>>> print(open('entry.pdb').read())   # PDB, C-alpha atoms, pLDDT in the B column
MODEL        1
ATOM      1  CA  MET A   1     -70.256 -69.383 165.368  1.00 36.00           C
ATOM      2  CA  ARG A   2     -71.189 -67.324 168.413  1.00 37.00           C
ATOM      3  CA  ARG A   3     -68.624 -64.776 169.553  1.00 42.00           C
ATOM      4  CA  VAL A   4     -68.902 -62.589 172.655  1.00 38.00           C
ATOM      5  CA  LEU A   5     -67.511 -59.085 172.991  1.00 41.00           C
ATOM      6  CA  LYS A   6     -66.533 -58.344 176.578  1.00 38.00           C
ATOM      7  CA  VAL A   7     -66.748 -54.860 178.042  1.00 39.00           C
ATOM      8  CA  SER A   8     -64.561 -53.715 180.908  1.00 35.00           C
ATOM      9  CA  LEU A   9     -66.224 -53.284 184.291  1.00 30.00           C
ATOM     10  CA  ALA A  10     -65.609 -49.508 184.271  1.00 34.00           C
ATOM     11  CA  SER A  11     -67.297 -49.134 180.892  1.00 40.00           C
ATOM     12  CA  ALA A  12     -70.124 -51.398 181.976  1.00 38.00           C
ATOM     13  CA  LEU A  13     -70.877 -49.268 185.010  1.00 34.00           C
ATOM     14  CA  VAL A  14     -70.911 -46.091 182.933  1.00 41.00           C
ATOM     15  CA  ALA A  15     -73.036 -47.549 180.170  1.00 42.00           C
ATOM     16  CA  ALA A  16     -75.208 -49.744 182.400  1.00 41.00           C
ATOM     17  CA  ALA A  17     -74.199 -52.785 180.373  1.00 42.00           C
ATOM     18  CA  ALA A  18     -72.465 -55.996 181.373  1.00 40.00           C
ATOM     19  CA  SER A  19     -71.468 -57.288 177.949  1.00 52.00           C
ATOM     20  CA  VAL A  20     -72.222 -56.938 174.276  1.00 65.00           C
ATOM     21  CA  MET A  21     -72.750 -59.934 172.026  1.00 65.00           C
ATOM     22  CA  VAL A  22     -72.770 -59.952 168.223  1.00 62.00           C
ATOM     23  CA  LEU A  23     -74.401 -62.990 166.634  1.00 62.00           C
ATOM     24  CA  PRO A  24     -74.546 -63.894 162.927  1.00 55.00           C
ATOM     25  CA  THR A  25     -78.158 -64.715 162.129  1.00 53.00           C
ATOM     26  CA  ALA A  26     -78.377 -65.190 158.379  1.00 50.00           C
ATOM     27  CA  ALA A  27     -76.241 -66.373 155.517  1.00 44.00           C
ATOM     28  CA  SER A  28     -75.097 -63.771 153.038  1.00 50.00           C
ATOM     29  CA  ALA A  29     -76.767 -63.462 149.661  1.00 51.00           C
ATOM     30  CA  GLN A  30     -74.470 -62.657 146.761  1.00 54.00           C
ATOM     31  CA  TYR A  31     -75.395 -61.733 143.205  1.00 49.00           C
ATOM     32  CA  PRO A  32     -73.857 -59.707 140.368  1.00 48.00           C
ATOM     33  CA  GLN A  33     -74.912 -56.077 140.500  1.00 45.00           C
ATOM     34  CA  GLY A  34     -77.226 -54.909 137.749  1.00 39.00           C
ATOM     35  CA  GLN A  35     -79.147 -58.194 137.447  1.00 36.00           C
ATOM     36  CA  GLN A  36     -81.925 -57.330 139.858  1.00 34.00           C
ATOM     37  CA  GLY A  37     -84.361 -55.581 137.524  1.00 32.00           C
ATOM     38  CA  ARG A  38     -87.614 -56.929 136.191  1.00 29.00           C
ATOM     39  CA  PRO A  39     -87.615 -59.525 133.381  1.00 29.00           C
ATOM     40  CA  GLY A  40     -86.951 -57.902 129.992  1.00 31.00           C
ATOM     41  CA  GLN A  41     -84.931 -55.021 131.398  1.00 30.00           C
ATOM     42  CA  SER A  42     -81.340 -54.642 130.393  1.00 31.00           C
ATOM     43  CA  PRO A  43     -78.769 -54.134 133.179  1.00 32.00           C
ATOM     44  CA  GLY A  44     -78.837 -50.586 134.513  1.00 37.00           C
ATOM     45  CA  GLN A  45     -82.321 -49.813 133.163  1.00 36.00           C
ATOM     46  CA  GLN A  46     -85.073 -48.941 135.609  1.00 39.00           C
ATOM     47  CA  GLN A  47     -88.786 -48.818 134.858  1.00 40.00           C
ATOM     48  CA  GLN A  48     -90.502 -45.520 135.588  1.00 42.00           C
ATOM     49  CA  GLU A  49     -94.088 -44.998 136.756  1.00 38.00           C
ATOM     50  CA  ASP A  50     -95.159 -44.116 133.188  1.00 43.00           C
ATOM     51  CA  GLY A  51     -93.760 -47.408 131.876  1.00 46.00           C
ATOM     52  CA  SER A  52     -90.657 -45.913 130.266  1.00 44.00           C
ATOM     53  CA  THR A  53     -87.145 -46.938 131.197  1.00 43.00           C
ATOM     54  CA  SER A  54     -84.156 -44.945 132.305  1.00 46.00           C
ATOM     55  CA  ASP A  55     -80.465 -45.816 131.914  1.00 47.00           C
ATOM     56  CA  ARG A  56     -79.646 -44.117 135.212  1.00 50.00           C
ATOM     57  CA  PRO A  57     -78.739 -46.959 137.607  1.00 50.00           C
ATOM     58  CA  ARG A  58     -80.393 -47.130 140.979  1.00 55.00           C
ATOM     59  CA  PRO A  59     -78.803 -48.718 144.037  1.00 52.00           C
ATOM     60  CA  PRO A  60     -80.244 -52.142 144.853  1.00 54.00           C
ATOM     61  CA  ARG A  61     -83.039 -51.976 147.373  1.00 73.00           C
ATOM     62  CA  ILE A  62     -82.403 -53.546 150.753  1.00 77.00           C
ATOM     63  CA  ALA A  63     -85.212 -55.628 152.212  1.00 77.00           C
ATOM     64  CA  PRO A  64     -86.702 -54.247 155.450  1.00 73.00           C
ATOM     65  CA  LEU A  65     -86.542 -56.142 158.714  1.00 72.00           C
ATOM     66  CA  ARG A  66     -89.575 -57.490 160.533  1.00 70.00           C
ATOM     67  CA  ARG A  67     -90.694 -54.962 163.109  1.00 71.00           C
ATOM     68  CA  SER A  68     -90.203 -55.869 166.777  1.00 69.00           C
ATOM     69  CA  ALA A  69     -91.706 -54.550 169.997  1.00 70.00           C
ATOM     70  CA  ALA A  70     -89.545 -52.230 172.078  1.00 75.00           C
ATOM     71  CA  ALA A  71     -90.392 -50.524 175.340  1.00 71.00           C
ATOM     72  CA  GLY A  72     -88.366 -47.456 174.376  1.00 85.00           C
ATOM     73  CA  PRO A  73     -86.233 -45.946 171.629  1.00 90.00           C
ATOM     74  CA  CYS A  74     -83.723 -48.085 169.746  1.00 91.00           C
ATOM     75  CA  PRO A  75     -79.965 -47.471 169.656  1.00 93.00           C
ATOM     76  CA  TYR A  76     -78.745 -45.215 166.870  1.00 91.00           C
ATOM     77  CA  VAL A  77     -77.371 -47.399 164.050  1.00 94.00           C
ATOM     78  CA  LYS A  78     -75.281 -45.830 161.298  1.00 93.00           C
ATOM     79  CA  VAL A  79     -72.309 -46.225 158.978  1.00 96.00           C
ATOM     80  CA  LEU A  80     -69.094 -44.460 159.986  1.00 94.00           C
ATOM     81  CA  TYR A  81     -68.322 -42.050 157.135  1.00 93.00           C
ATOM     82  CA  ASP A  82     -64.546 -42.607 157.196  1.00 93.00           C
ATOM     83  CA  ALA A  83     -65.072 -46.364 156.790  1.00 96.00           C
ATOM     84  CA  ALA A  84     -68.097 -46.412 154.475  1.00 95.00           C
ATOM     85  CA  ARG A  85     -65.993 -47.152 151.363  1.00 94.00           C
ATOM     86  CA  TYR A  86     -63.087 -49.450 150.603  1.00 94.00           C
ATOM     87  CA  VAL A  87     -60.802 -48.474 147.704  1.00 92.00           C
ATOM     88  CA  GLU A  88     -57.518 -50.193 146.890  1.00 90.00           C
ATOM     89  CA  LEU A  89     -55.133 -48.003 144.887  1.00 87.00           C
ATOM     90  CA  THR A  90     -51.801 -48.874 143.298  1.00 85.00           C
ATOM     91  CA  GLY A  91     -49.119 -46.419 142.219  1.00 74.00           C
ATOM     92  CA  ASP A  92     -48.864 -42.835 143.376  1.00 74.00           C
ATOM     93  CA  ARG A  93     -51.812 -41.339 141.462  1.00 77.00           C
ATOM     94  CA  VAL A  94     -55.517 -41.431 142.291  1.00 78.00           C
ATOM     95  CA  THR A  95     -56.840 -42.551 138.908  1.00 78.00           C
ATOM     96  CA  MET A  96     -59.344 -45.155 137.772  1.00 82.00           C
ATOM     97  CA  ALA A  97     -56.567 -47.083 136.027  1.00 82.00           C
ATOM     98  CA  ASN A  98     -54.937 -47.667 139.439  1.00 85.00           C
ATOM     99  CA  VAL A  99     -58.049 -49.036 141.168  1.00 90.00           C
ATOM    100  CA  GLY A 100     -57.979 -52.575 142.586  1.00 92.00           C
ATOM    101  CA  PHE A 101     -60.808 -54.017 144.650  1.00 93.00           C
ATOM    102  CA  THR A 102     -63.476 -51.609 145.882  1.00 93.00           C
ATOM    103  CA  GLY A 103     -66.428 -51.706 148.235  1.00 94.00           C
ATOM    104  CA  GLU A 104     -69.191 -49.450 149.481  1.00 94.00           C
ATOM    105  CA  ILE A 105     -71.800 -49.875 152.205  1.00 95.00           C
ATOM    106  CA  GLU A 106     -74.868 -49.090 150.145  1.00 92.00           C
ATOM    107  CA  GLY A 107     -77.673 -49.834 152.590  1.00 92.00           C
ATOM    108  CA  LEU A 108     -78.307 -50.290 156.307  1.00 94.00           C
ATOM    109  CA  VAL A 109     -81.558 -51.053 158.119  1.00 93.00           C
ATOM    110  CA  SER A 110     -82.096 -51.958 161.754  1.00 92.00           C
ATOM    111  CA  ASP A 111     -84.678 -52.691 164.412  1.00 92.00           C
ATOM    112  CA  CYS A 112     -84.566 -53.492 168.115  1.00 93.00           C
ATOM    113  CA  ALA A 113     -86.556 -55.214 170.834  1.00 92.00           C
ATOM    114  CA  TYR A 114     -86.546 -54.988 174.639  1.00 91.00           C
ATOM    115  CA  GLN A 115     -89.027 -55.006 177.497  1.00 89.00           C
ATOM    116  CA  SER A 116     -88.714 -54.324 181.228  1.00 87.00           C
ATOM    117  CA  ASP A 117     -85.075 -54.940 182.225  1.00 86.00           C
ATOM    118  CA  GLN A 118     -84.343 -57.322 179.339  1.00 88.00           C
ATOM    119  CA  PRO A 119     -81.253 -56.858 177.169  1.00 93.00           C
ATOM    120  CA  ILE A 120     -81.606 -54.761 174.025  1.00 93.00           C
ATOM    121  CA  THR A 121     -81.546 -56.956 170.937  1.00 93.00           C
ATOM    122  CA  VAL A 122     -80.579 -54.999 167.819  1.00 94.00           C
ATOM    123  CA  HIS A 123     -81.095 -56.591 164.408  1.00 93.00           C
ATOM    124  CA  THR A 124     -79.106 -55.113 161.524  1.00 94.00           C
ATOM    125  CA  ARG A 125     -79.013 -55.745 157.784  1.00 95.00           C
ATOM    126  CA  VAL A 126     -76.091 -54.348 155.812  1.00 96.00           C
ATOM    127  CA  GLN A 127     -75.811 -54.271 152.028  1.00 96.00           C
ATOM    128  CA  PHE A 128     -72.369 -54.128 150.422  1.00 96.00           C
ATOM    129  CA  ASN A 129     -71.660 -53.185 146.807  1.00 95.00           C
ATOM    130  CA  LEU A 130     -68.282 -54.583 145.794  1.00 95.00           C
ATOM    131  CA  GLY A 131     -66.147 -54.121 142.700  1.00 93.00           C
ATOM    132  CA  ARG A 132     -63.116 -55.395 140.822  1.00 92.00           C
ATOM    133  CA  GLY A 133     -61.051 -52.677 139.119  1.00 90.00           C
ATOM    134  CA  PRO A 134     -58.258 -52.935 136.511  1.00 90.00           C
ATOM    135  CA  GLN A 135     -55.580 -53.644 139.135  1.00 89.00           C
ATOM    136  CA  ALA A 136     -57.574 -56.293 141.018  1.00 90.00           C
ATOM    137  CA  GLN A 137     -55.757 -59.613 141.080  1.00 91.00           C
ATOM    138  CA  GLY A 138     -57.919 -62.710 140.917  1.00 91.00           C
ATOM    139  CA  ASP A 139     -61.643 -63.347 140.887  1.00 92.00           C
ATOM    140  CA  GLY A 140     -62.196 -63.362 144.640  1.00 93.00           C
ATOM    141  CA  ARG A 141     -61.531 -61.142 147.611  1.00 94.00           C
ATOM    142  CA  THR A 142     -62.169 -61.453 151.342  1.00 96.00           C
ATOM    143  CA  TYR A 143     -63.205 -58.038 152.607  1.00 97.00           C
ATOM    144  CA  ARG A 144     -63.332 -57.258 156.304  1.00 97.00           C
ATOM    145  CA  TYR A 145     -65.810 -55.097 158.171  1.00 97.00           C
ATOM    146  CA  TRP A 146     -66.638 -54.379 161.789  1.00 97.00           C
ATOM    147  CA  ILE A 147     -69.554 -53.580 164.061  1.00 96.00           C
ATOM    148  CA  ALA A 148     -68.968 -51.466 167.160  1.00 95.00           C
ATOM    149  CA  VAL A 149     -71.233 -50.621 170.092  1.00 95.00           C
ATOM    150  CA  THR A 150     -70.573 -47.328 171.835  1.00 92.00           C
ATOM    151  CA  GLU A 151     -71.993 -45.319 174.648  1.00 89.00           C
ATOM    152  CA  ARG A 152     -73.581 -42.647 172.487  1.00 80.00           C
ATOM    153  CA  ASN A 153     -70.985 -40.085 171.364  1.00 75.00           C
ATOM    154  CA  ARG A 154     -68.529 -41.444 173.903  1.00 79.00           C
ATOM    155  CA  ALA A 155     -66.511 -44.592 174.581  1.00 85.00           C
ATOM    156  CA  VAL A 156     -66.444 -47.728 172.434  1.00 91.00           C
ATOM    157  CA  LEU A 157     -67.849 -50.584 174.543  1.00 91.00           C
ATOM    158  CA  ALA A 158     -67.262 -53.452 172.120  1.00 93.00           C
ATOM    159  CA  LYS A 159     -66.073 -54.010 168.564  1.00 93.00           C
ATOM    160  CA  GLU A 160     -66.037 -57.164 166.446  1.00 94.00           C
ATOM    161  CA  TYR A 161     -64.607 -57.883 162.986  1.00 96.00           C
ATOM    162  CA  PHE A 162     -66.245 -60.050 160.325  1.00 95.00           C
ATOM    163  CA  ASP A 163     -64.832 -61.569 157.150  1.00 95.00           C
ATOM    164  CA  LEU A 164     -66.803 -61.045 153.947  1.00 95.00           C
ATOM    165  CA  PRO A 165     -65.589 -63.511 151.255  1.00 95.00           C
ATOM    166  CA  VAL A 166     -66.708 -62.584 147.742  1.00 95.00           C
ATOM    167  CA  ASN A 167     -66.380 -64.532 144.483  1.00 94.00           C
ATOM    168  CA  PHE A 168     -67.091 -62.298 141.495  1.00 95.00           C
ATOM    169  CA  ASP A 169     -67.525 -65.271 139.124  1.00 92.00           C
ATOM    170  CA  GLY A 170     -66.067 -63.282 136.247  1.00 90.00           C
ATOM    171  CA  ALA A 171     -68.232 -60.187 136.880  1.00 93.00           C
ATOM    172  CA  THR A 172     -66.858 -56.773 137.774  1.00 92.00           C
ATOM    173  CA  THR A 173     -69.358 -56.088 140.570  1.00 94.00           C
ATOM    174  CA  ALA A 174     -71.287 -58.036 143.193  1.00 95.00           C
ATOM    175  CA  THR A 175     -73.735 -57.253 145.974  1.00 94.00           C
ATOM    176  CA  VAL A 176     -73.740 -59.016 149.339  1.00 94.00           C
ATOM    177  CA  THR A 177     -76.279 -58.615 152.154  1.00 94.00           C
ATOM    178  CA  GLN A 178     -75.535 -59.754 155.693  1.00 94.00           C
ATOM    179  CA  ASP A 179     -77.674 -59.835 158.840  1.00 94.00           C
ATOM    180  CA  GLN A 180     -76.197 -59.540 162.317  1.00 94.00           C
ATOM    181  CA  THR A 181     -77.762 -59.428 165.782  1.00 94.00           C
ATOM    182  CA  ILE A 182     -76.272 -57.383 168.635  1.00 93.00           C
ATOM    183  CA  VAL A 183     -77.306 -58.068 172.235  1.00 94.00           C
ATOM    184  CA  ILE A 184     -76.718 -55.245 174.738  1.00 92.00           C
ATOM    185  CA  PRO A 185     -77.496 -56.170 178.376  1.00 88.00           C
ATOM    186  CA  ARG A 186     -78.749 -53.383 180.647  1.00 84.00           C
ATOM    187  CA  ALA A 187     -78.058 -52.998 184.344  1.00 76.00           C
ATOM    188  CA  GLU A 188     -81.333 -51.117 184.908  1.00 85.00           C
ATOM    189  CA  ALA A 189     -84.741 -51.019 183.286  1.00 85.00           C
ATOM    190  CA  THR A 190     -84.405 -47.238 183.002  1.00 87.00           C
ATOM    191  CA  THR A 191     -81.485 -47.531 180.542  1.00 87.00           C
ATOM    192  CA  SER A 192     -83.061 -46.969 177.137  1.00 87.00           C
ATOM    193  CA  GLY A 193     -81.781 -47.876 173.707  1.00 88.00           C
ATOM    194  CA  ASP A 194     -80.822 -44.334 172.748  1.00 87.00           C
ATOM    195  CA  HIS A 195     -78.082 -44.496 175.384  1.00 89.00           C
ATOM    196  CA  PHE A 196     -76.135 -46.598 172.859  1.00 93.00           C
ATOM    197  CA  GLU A 197     -74.944 -46.293 169.292  1.00 94.00           C
ATOM    198  CA  VAL A 198     -74.081 -49.042 166.814  1.00 95.00           C
ATOM    199  CA  LEU A 199     -71.529 -48.214 164.110  1.00 95.00           C
ATOM    200  CA  VAL A 200     -70.649 -50.215 160.983  1.00 97.00           C
ATOM    201  CA  GLY A 201     -67.655 -49.809 158.692  1.00 97.00           C
ATOM    202  CA  PHE A 202     -65.043 -51.473 156.512  1.00 97.00           C
ATOM    203  CA  ASP A 203     -61.684 -52.361 158.007  1.00 97.00           C
ATOM    204  CA  VAL A 204     -59.697 -49.679 156.154  1.00 95.00           C
ATOM    205  CA  THR A 205     -56.105 -48.472 156.264  1.00 94.00           C
ATOM    206  CA  PRO A 206     -55.304 -44.933 157.461  1.00 94.00           C
ATOM    207  CA  ALA A 207     -54.765 -43.917 153.822  1.00 91.00           C
ATOM    208  CA  MET A 208     -58.194 -45.275 152.850  1.00 91.00           C
ATOM    209  CA  ALA A 209     -59.818 -43.454 155.770  1.00 94.00           C
ATOM    210  CA  GLU A 210     -58.178 -40.196 154.678  1.00 91.00           C
ATOM    211  CA  PHE A 211     -59.339 -40.806 151.101  1.00 88.00           C
ATOM    212  CA  ASN A 212     -62.917 -41.188 152.370  1.00 91.00           C
ATOM    213  CA  ARG A 213     -62.635 -38.257 154.773  1.00 89.00           C
ATOM    214  CA  ASN A 214     -61.671 -35.963 151.901  1.00 84.00           C
ATOM    215  CA  GLY A 215     -64.869 -36.849 150.081  1.00 78.00           C
ATOM    216  CA  ASN A 216     -63.137 -38.880 147.359  1.00 72.00           C
ATOM    217  CA  ARG A 217     -64.860 -41.938 145.983  1.00 67.00           C
ATOM    218  CA  PHE A 218     -64.937 -44.493 143.215  1.00 63.00           C
ATOM    219  CA  ARG A 219     -68.061 -46.476 142.434  1.00 57.00           C
ATOM    220  CA  ALA A 220     -67.981 -50.250 142.753  1.00 51.00           C
ATOM    221  CA  ASN A 221     -67.414 -50.526 138.996  1.00 56.00           C
ATOM    222  CA  ALA A 222     -64.703 -47.850 138.951  1.00 47.00           C
ATOM    223  CA  GLY A 223     -62.157 -48.292 136.217  1.00 44.00           C
ATOM    224  CA  THR A 224     -63.793 -51.282 134.577  1.00 48.00           C
ATOM    225  CA  GLY A 225     -63.860 -49.421 131.277  1.00 46.00           C
ATOM    226  CA  ALA A 226     -60.159 -48.712 131.523  1.00 40.00           C
ATOM    227  CA  ALA A 227     -59.026 -52.328 131.467  1.00 38.00           C
ATOM    228  CA  GLN A 228     -58.784 -52.546 127.675  1.00 41.00           C
ATOM    229  CA  PRO A 229     -55.769 -54.080 125.906  1.00 39.00           C
ATOM    230  CA  PRO A 230     -53.596 -51.606 123.998  1.00 39.00           C
ATOM    231  CA  ALA A 231     -54.215 -51.242 120.279  1.00 42.00           C
ATOM    232  CA  GLN A 232     -51.873 -53.238 118.055  1.00 40.00           C
TER     233      GLN A 232
ENDMDL
END
>>> encode(input="entry.pdb", output="structure tokens")
Amino acid sequence: MRRVLKVSLASALVAAAASVMVLPTAASAQYPQGQQGRPGQSPGQQQQEDGSTSDRPRPPRIAPLRRSAAAGPCPYVKVLYDAARYVELTGDRVTMANVGFTGEIEGLVSDCAYQSDQPITVHTRVQFNLGRGPQAQGDGRTYRYWIAVTERNRAVLAKEYFDLPVNFDGATTATVTQDQTIVIPRAEATTSGDHFEVLVGFDVTPAMAEFNRNGNRFRANAGTGAAQPPAQ
């Protein structure tokens, strides 16, 4: 479904843009984390250049985008630090035993295309690592994230939210990759891509943002070892 983000006239005049459009361009791919190695490797093992394996897990690699032609620099595309992680906590203590659903933006790649006075088309690919902790209820969760276009280091011109439904299928972690396309019209051919910035982040509560801002974090599989039944 195509959805258009409208920018106010005042912002458009400042940023030399008339509107910003975010278009979904690819279906998400979901798979349990840790099952992406080569055949014969156990989950979490990675093959080294000398043929040996290491138990140190590596983040899943995100596929690059096809390169496009651009007449100038592309907009800056990055993850907002305060919204890069999603951690649900129950109770009044920050412990693994109190962790519910979690998420982390693990990878982000982008490319852009524009010529003459054409709009700037920005292609993004975002990889999410998602987890189900001891306090998570159910096998599925619909996360929410957003993409915002700003005049670089200044005003937000447009912001759109996207739902990210995830079914863990009994696993404790999953990885989802989504592609989005952002179209940024320009009022003049002299307005280059680096006049804009594209930000990505989870839809987090103020408490989650503060948790992230303080440098706290739980991995996507946080607390999964703590969900053991008590000894009889």
>>> atom_distance(input="entry.pdb", atom1="CA of Gly193 (chain A)", atom2="CA of Thr181 (chain A)")
14.6 Å
>>> closest_residue(input="entry.pdb", among="A:Tyr76, A:Phe196, A:Tyr81, A:Phe101", to="Ala209 (chain A)", atoms="only C-alpha atoms")
A:Tyr81
>>> atom_distance(input="entry.pdb", atom1="CA of Arg85 (chain A)", atom2="CA of Thr205 (chain A)")
11.1 Å
>>> closest_residue(input="entry.pdb", among="A:Leu65, A:Ile105, A:Leu130, A:Val77", to="Arg152 (chain A)", atoms="all atoms listed in the file")
A:Val77
>>> residues_around(input="entry.pdb", residues="Met208 (chain A)", least_positions_apart="2", cutoff="9 Å", atoms="all atoms listed in the file", output="ChimeraX atom specification")
/A:82-83,85-89,204-206,210-213
>>> closest_residue(input="entry.pdb", among="A:Ala97, A:Ala136, A:Cys112, A:Ala84", to="Thr172 (chain A)", atoms="all atoms listed in the file")
A:Ala136
>>> closest_residue(input="entry.pdb", among="A:Ala70, A:Val183, A:Val156, A:Met96", to="Pro119 (chain A)", atoms="only C-alpha atoms")
A:Val183
>>> atom_distance(input="entry.pdb", atom1="CA of Arg144 (chain A)", atom2="CA of Tyr161 (chain A)")
6.8 Å
>>> residues_around(input="entry.pdb", residues="Gln118 (chain A)", least_positions_apart="6", cutoff="10 Å", atoms="only C-alpha atoms", output="ChimeraX atom specification")
/A:71,184-189
>>> resolve_selection(input="entry.pdb", expression="the PyMOL selection byres ((chain A and resi 69) around 12)", output="PyMOL selection string")
chain A and resi 66-68+70-74+111-116+120-122
>>> closest_residue(input="entry.pdb", among="A:Arg61, A:Arg154, A:Arg132, A:His195", to="Phe168 (chain A)", atoms="only C-alpha atoms")
A:Arg132
>>> axis_aligned_box(input="entry.pdb", around="region 187-200 of chain A", padding_each_side="4 Å", output="JSON")
{"center_x": -77.7, "center_y": -48.7, "center_z": 172.9, "size_x": 22.1, "size_y": 16.7, "size_z": 31.9}
